[in-house]
Structures are given as C-alpha cells and as structure tokens.
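Accompanying notes for the structure given below.
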Amino acid sequence: MKLKLVLAAAIVTGLGLTAAIAADEPQVVRQEMMKKVGGAMGAIGAIVKGEKPFDAEVVKASLTTMAEVGKDFPNHFPAGSEVGMDSEASPKIWENMDDFKAKAAELTKVAEAQLAAMPTNQASTGAVMKAVGATCSSCHETYRLKK
Amino acid sequence: MASKWLKRLGALVALGVVGGAGFLIVTAPQRQDASVWADLGAADLDNGRRIFFAGGCTSCHAAAKSEGDARLVLSGGAPLKSPFGTFHAPNISSSPTAGIGAWTLAEFGDAMTRGVGRDGEHLYPSFPYGSYARMAPKDINDLFGFLKTLPASETVAPAHELPFPFNIRLSLGGWKFLYFTDAPRVEIANADDQVKLGQYLVEGPGHCGECHTPRDMFGGFKTGRWLAGGPNPEGQGTIPNITPGSKSIGGWSQGDIASYLETGFTPDFDSVGGTMVEVQKNMAELTPADREAIAAYLKAVPAVE
C-alpha cells in the first residue's frame, strides 16, 4: 500500500516536473505572454462591445499588462526555439530580429501613450482598442504563421 | 510504301493543325458584348469606393507595406508568389501612360469580368477575374469612376516572372476553358436578401475563394471544397477553412465574423495575422450592413470538414 502511494507520488511529481520543464520552454513562455495580452484585450473589448460597463481601473490594468509584455516578449526567441510546442512563430523573426524587436516595442509605446491619455468612456475605449490592435496586426502580418 | 507513310504523316500533321486551330478558336479571348458597358451613366463614386475596398484592389496594386493615403496610389505592388511563378500586379493608377487612365469602360470591364487585356490578350488569373466575372456592370462602372479619381503614378511594374509553359499566354485559354465560369459557386436554398448580398460580395468583388478554396495542380478550384481552406500557395502556413464546418471558426456566430472583419479580433481576442491583415483593413472600410451580409453568407454556405 505504501509502495503504491510512493509510486503515485513519484508519478505525480514526475508529471509536475515535465509540466514545469515544458512551461520553461521559450515557445510556451511566449505563447503564455500573448495569451495574457489577449486576455487584457478581451477585458477592453468587453467594455467596447458594451458587455461590461466602462471601468478605468480595468483599462489601466490591461494597458499596463500589454506595455510590460511588449518590453519582454522579444527576449523569448533564442536560437533553437524556432519550432515545436505548436509554435506559430514565422522564420522571418530570426531573419529580421531588429525589426521584430521594433514591432514589439511599438506595442509598449502605443500602450503607454494610451495609458498617459486614458480613455474616460466607452467610446474613447474603442479608440484605445483600435490603436493597440493596429500594433497586433502589423506584427502578426509578417511574423506569425497560421498553422 | 514510303508515300503511304508520308500520307499518314501528312494526315497526322493536318489533324494536329486543325486541332491546334480548333483549340485557339474555342479558347480565344472573349470580350463581353459592347452593350453591357453602354448606357451606364455617371459613376456613383461612393459606391465605387465601397467596391474598391470590397475588392481589395489596394492590397495587390499599391506598393507593399503602404499605409494611409499611400494605399490609394496604385502603382503596382509586391510580388505575388505562386506554384506557377511570381506575378507582379501592374500599375492601375489614373496615369494615361503607365496606368489605366486612357482605358475605356469596356476595356476595363472586359479585363475585370472576362480576363481580357486591352490588346485582346488573355490575362493571368492571378488577377482574380474568375471572381470579378460575377460583378454587376453598374459596380464596375462605379469602381472605374472611383479609380480615375485616385493619384497618377508613372511607375512601371516589372513583368511577371514565369517559367515555360506558364509564360505562354495562349495556354490561358485552356485554363479558362477548364475553369472560368460566372455561375454561383454554391447554391443556397431559400437565401434571403442579406445572404444574397453576402454571396455577391464574397463570390464576386471580395474574391475570398481565391485564397480560401484549395486548388488542383492546374490552379483550378477543387470541387466540393468551396472556402474549405488548405495549404498556403504563397508558402508557409495554412489558409483557414471558413465554412461552418471549420474547426477554427465554425463555432463563431454571424456577429463574431462581422466583428472580426471590422476590428481584426477573434471572439477570444486573438488578432488577425498574415495576408488577412490587409484584407481586414479593407473590410473595415465597408458598412456594417455589408460586413453582416458577408457573415450571413459564410454561415449559410455548405459546411466542409
């Protein structure tokens, strides 16, 4: 009985370790970062669509998340992480790393500019979404592959 | 004996000539009847602008990576890679020399709806006249009027870079014979006016199927796979299935699709990417009613797994 428990514990620990290792892979780290941005955009989008009332704190937190991700995001594309883990990164990232970094910096720049201006109602939140959204698509146009 | 063989050979050659001539006659470029383009009156420029964005003209005919007003300078665009070679979209600005400023409506309309060039030559279907063939003459007239209001550019685009035999324009007659049609791509029973408008926009000016429908080895659409997606003919990645049977967007509502076309965001706030970025920018210029119609049609087409 005890042996079984120990084994079970070992298996669980092992699984946990595997998960931890996978979570450290740059492909997974950067995917999680993009999901965070997607979540933040979703919070803003809910206001724009009128599903949630305007809330300055929500917009502020969302834009802050985006600005932070933009700063760190390009650091997670080391050589050797081009493929795997369902990565949708285009090989063009490694061919034009400087331009890719500039595109990520643009997300931070635009998010910070919107933070400085801060929308005051639903309509101006729509403008925030449009401004930040343009940086999403301008980078994804070149550097993301649809699998 | 020898003369008998010679006769047979002669007969064979004659047959070949007749066959070849027959092919050329059957597949000769065919213009529309001139009456199609007569009496259309003054162009409605607002509608012309709508058709311009529905058709995505700027995405291929403006210089690559153009932003803002530069998207209205139709000097010829980025190379379009394909399994048949590389195409270069020509200058269609209002310049009378480098562009189409000196063209007549009939010349423009025949190019748009029959793939026939100004000199009566076959045009390559990289210019999606296989879709534009469904467009109403009035919309062609309005679009032509709108294009004339755009800036002139004197840039001459490079010629297409195509290997043999694709560089032989006459062979395009065969392609048209096999694939060219202006019939509806799908039959939708009990389509209401909204779905009909969507069908017109998607199958005609929008030419969505040109990327979203998989092609056979000669570049014709595979039957029964309308809008079902497939490998990207321009290179890496895939083109998504946009029928109701799609794993990725089959579950989207009509409103989700219309909202994506307007904002570039999926229902879970992932963003538009790849060449669809250009398309979405164009779709954002349409009216909400046009985007809703496109979405209604996409929900009504046959589901393909």
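Naming scheme: A, B, ... for chains in displayed order of the structure tokens; residues 1 onward per chain; ligands 1 onward as shown.
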Determine which residues of chain B sit within 12 Å of chain A, taking into account only C-alpha atoms, and present them as an MDAnalysis selection string.
chainID B and resid 65:67 229:232 235:241 248 255:256 259:260 262:281 284
Any idea what the distance is between CA of His122 in chain B and CA of Arg71 in chain B?
27.3 Å
Give the answer as one residue: which of B:Gly55, B:Pro214, B:Pro244, B:Pro29 has the shortest atom-to-atom distance to Trp175 in chain B, using only C-alpha atoms?
B:Pro29
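The nearest approach to Val28 in chain A among the residues A:Asp99, A:Glu112, A:Glu82, A:Glu106, with only C-alpha atoms taken into account, belongs to A:Glu82.
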Can you pull out every residue within 12 Å of Phe177 in chain B, counting only C-alpha atoms, but drop anything in the same chain fewer than 5 positions away, and send it as a ChimeraX atom specification?
/B:23-30,114,122,130,170-172,220
Keeping N, CA and C atoms for every residue in the selection just given, could you write it to a file as a short mmCIF file (atom, residue, chain, number, x, y, z; two decimals), in the first residue's frame?
```cif
data_model
loop_
_atom_site.label_atom_id
_atom_site.label_comp_id
_atom_site.auth_asym_id
_atom_site.auth_seq_id
_atom_site.Cartn_x
_atom_site.Cartn_y
_atom_site.Cartn_z
N PHE B 23 -8.41 24.52 -81.00
CA PHE B 23 -8.15 24.93 -79.61
C PHE B 23 -8.10 26.45 -79.51
N LEU B 24 -7.38 27.06 -80.47
CA LEU B 24 -7.23 28.51 -80.43
C LEU B 24 -8.56 29.21 -80.64
N ILE B 25 -9.40 28.63 -81.53
CA ILE B 25 -10.71 29.26 -81.78
C ILE B 25 -11.59 29.13 -80.55
N VAL B 26 -11.64 27.90 -80.02
CA VAL B 26 -12.51 27.66 -78.86
C VAL B 26 -12.05 28.48 -77.66
N THR B 27 -10.72 28.63 -77.51
CA THR B 27 -10.21 29.27 -76.30
C THR B 27 -9.76 30.71 -76.55
N ALA B 28 -10.14 31.30 -77.66
CA ALA B 28 -9.74 32.69 -77.94
C ALA B 28 -10.34 33.62 -76.89
N PRO B 29 -9.61 34.71 -76.54
CA PRO B 29 -10.13 35.66 -75.57
C PRO B 29 -11.50 36.18 -76.02
N GLN B 30 -12.46 36.19 -75.14
CA GLN B 30 -13.80 36.63 -75.50
C GLN B 30 -14.22 37.84 -74.69
N ARG B 114 -13.86 39.28 -67.84
CA ARG B 114 -13.54 38.21 -68.79
C ARG B 114 -12.05 37.89 -68.85
N HIS B 122 -5.18 37.24 -73.28
CA HIS B 122 -5.63 36.61 -72.04
C HIS B 122 -4.84 37.18 -70.86
N GLY B 130 -11.73 35.58 -62.35
CA GLY B 130 -12.60 34.41 -62.17
C GLY B 130 -13.65 34.67 -61.11
N LEU B 170 -1.25 32.09 -74.54
CA LEU B 170 -2.29 31.35 -75.25
C LEU B 170 -2.80 30.17 -74.42
N SER B 171 -1.89 29.60 -73.59
CA SER B 171 -2.29 28.44 -72.80
C SER B 171 -3.38 28.81 -71.79
N LEU B 172 -3.48 30.11 -71.48
CA LEU B 172 -4.51 30.53 -70.52
C LEU B 172 -5.91 30.30 -71.06
N GLY B 220 -7.00 25.31 -60.69
CA GLY B 220 -8.45 25.48 -60.62
C GLY B 220 -8.95 25.07 -59.24
#
```
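Note that CA of Phe52 in chain B and CA of Phe84 in chain B are 27.1 Å apart.
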In range 54-113 of chain A, DSSP helix (DSSP H, G or I) residues written as a PyMOL selection string:
chain A and resi 56-76+92-95+97-113
As number ranges by chain, please: all residues of range 49-287 of chain B that backbone DSSP puts in strand (DSSP E).
B: 79-82, 85-88, 230-231, 238-239
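All residues of protein, DNA or RNA that reach within 12 Å of Pro26 in chain A, judged by only C-alpha atoms and not counting those fewer than 2 positions away in the chain, are Ile21, Ala22, Ala23, Asp24, Val28, Val29, Arg30, Gln31, Glu32, Met33, Asp72, Phe73, Pro74, Asn75, His76, Phe77, Pro78, Ala79, Gly80, Ser81, Glu82, Val83, Gly84, Met85, Asp86, Ser87 and Ala89 of chain A.
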Quick one: everything within 10 Å of Leu63 in chain A, counting only C-alpha atoms, minus sequence neighbours fewer than 5 positions away in the same chain. Send it as a PyMOL selection string.
chain A and resi 37+40-41+44+57-58+68-69+107-108+110-115+118+128-129+132
Would you output that residue set with N, CA and C atoms, as an mmCIF file, in the first residue's frame?
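selection-v3.cif, freshly written:
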```cif
data_model
loop_
_atom_site.group_PDB
_atom_site.id
_atom_site.type_symbol
_atom_site.label_atom_id
_atom_site.label_comp_id
_atom_site.auth_asym_id
_atom_site.auth_seq_id
_atom_site.Cartn_x
_atom_site.Cartn_y
_atom_site.Cartn_z
ATOM 1 N N VAL A 37 -1.842 39.062 -23.211
ATOM 2 C CA VAL A 37 -2.250 40.239 -23.987
ATOM 3 C C VAL A 37 -3.669 40.050 -24.521
ATOM 4 N N ALA A 40 -6.054 40.643 -21.759
ATOM 5 C CA ALA A 40 -6.151 42.078 -21.461
ATOM 6 C C ALA A 40 -6.991 42.775 -22.524
ATOM 7 N N MET A 41 -6.759 42.380 -23.784
ATOM 8 C CA MET A 41 -7.545 42.977 -24.867
ATOM 9 C C MET A 41 -9.009 42.583 -24.730
ATOM 10 N N ILE A 44 -10.735 44.883 -22.344
ATOM 11 C CA ILE A 44 -11.042 46.165 -23.002
ATOM 12 C C ILE A 44 -12.186 45.970 -24.004
ATOM 13 N N GLU A 57 -10.104 51.400 -14.091
ATOM 14 C CA GLU A 57 -9.099 50.521 -13.486
ATOM 15 C C GLU A 57 -8.812 49.315 -14.377
ATOM 16 N N VAL A 58 -9.864 48.766 -14.978
ATOM 17 C CA VAL A 58 -9.714 47.605 -15.867
ATOM 18 C C VAL A 58 -8.876 47.997 -17.086
ATOM 19 N N GLU A 68 3.982 45.937 -20.511
ATOM 20 C CA GLU A 68 5.019 45.084 -19.914
ATOM 21 C C GLU A 68 5.398 43.939 -20.848
ATOM 22 N N VAL A 69 4.400 43.302 -21.433
ATOM 23 C CA VAL A 69 4.669 42.184 -22.342
ATOM 24 C C VAL A 69 5.502 42.662 -23.525
ATOM 25 N N LEU A 107 4.249 48.037 -29.501
ATOM 26 C CA LEU A 107 3.127 47.691 -28.624
ATOM 27 C C LEU A 107 3.255 48.447 -27.302
ATOM 28 N N THR A 108 4.469 48.412 -26.733
ATOM 29 C CA THR A 108 4.709 49.112 -25.468
ATOM 30 C C THR A 108 4.471 50.606 -25.621
ATOM 31 N N VAL A 110 2.675 52.296 -27.834
ATOM 32 C CA VAL A 110 1.266 52.670 -28.033
ATOM 33 C C VAL A 110 0.478 52.458 -26.737
ATOM 34 N N ALA A 111 0.737 51.341 -26.040
ATOM 35 C CA ALA A 111 0.010 51.086 -24.786
ATOM 36 C C ALA A 111 0.318 52.180 -23.765
ATOM 37 N N GLU A 112 1.581 52.600 -23.692
ATOM 38 C CA GLU A 112 1.945 53.648 -22.727
ATOM 39 C C GLU A 112 1.332 54.996 -23.096
ATOM 40 N N ALA A 113 1.274 55.264 -24.401
ATOM 41 C CA ALA A 113 0.647 56.519 -24.846
ATOM 42 C C ALA A 113 -0.828 56.529 -24.456
ATOM 43 N N GLN A 114 -1.488 55.369 -24.580
ATOM 44 C CA GLN A 114 -2.906 55.294 -24.221
ATOM 45 C C GLN A 114 -3.082 55.403 -22.711
ATOM 46 N N LEU A 115 -2.101 54.870 -21.973
ATOM 47 C CA LEU A 115 -2.137 54.988 -20.510
ATOM 48 C C LEU A 115 -2.030 56.452 -20.101
ATOM 49 N N MET A 118 -5.405 57.997 -21.244
ATOM 50 C CA MET A 118 -6.503 57.314 -20.537
ATOM 51 C C MET A 118 -7.904 57.678 -21.050
ATOM 52 N N VAL A 128 -8.903 53.261 -28.082
ATOM 53 C CA VAL A 128 -7.746 52.572 -27.491
ATOM 54 C C VAL A 128 -7.573 51.201 -28.159
ATOM 55 N N MET A 129 -8.681 50.484 -28.278
ATOM 56 C CA MET A 129 -8.637 49.143 -28.854
ATOM 57 C C MET A 129 -8.126 49.199 -30.294
ATOM 58 N N VAL A 132 -4.213 50.090 -30.261
ATOM 59 C CA VAL A 132 -3.366 48.976 -29.843
ATOM 60 C C VAL A 132 -3.508 47.804 -30.816
#
```
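Residue nearest Pro119 in chain A, chosen from A:Glu25, A:Lys36, A:Lys101, A:Val48 and counting only C-alpha atoms: A:Val48.
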Can you tell me, as an MDAnalysis selection string, what residues are no more than 8 Å from Ala64 in chain B when counting only C-alpha atoms, ignoring any on the same chain fewer than 4 positions away?
chainID B and resid 59:60 77:78
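Between CA of Gly250 in chain B and CA of Gly204 in chain B lies a distance of 22.4 Å.
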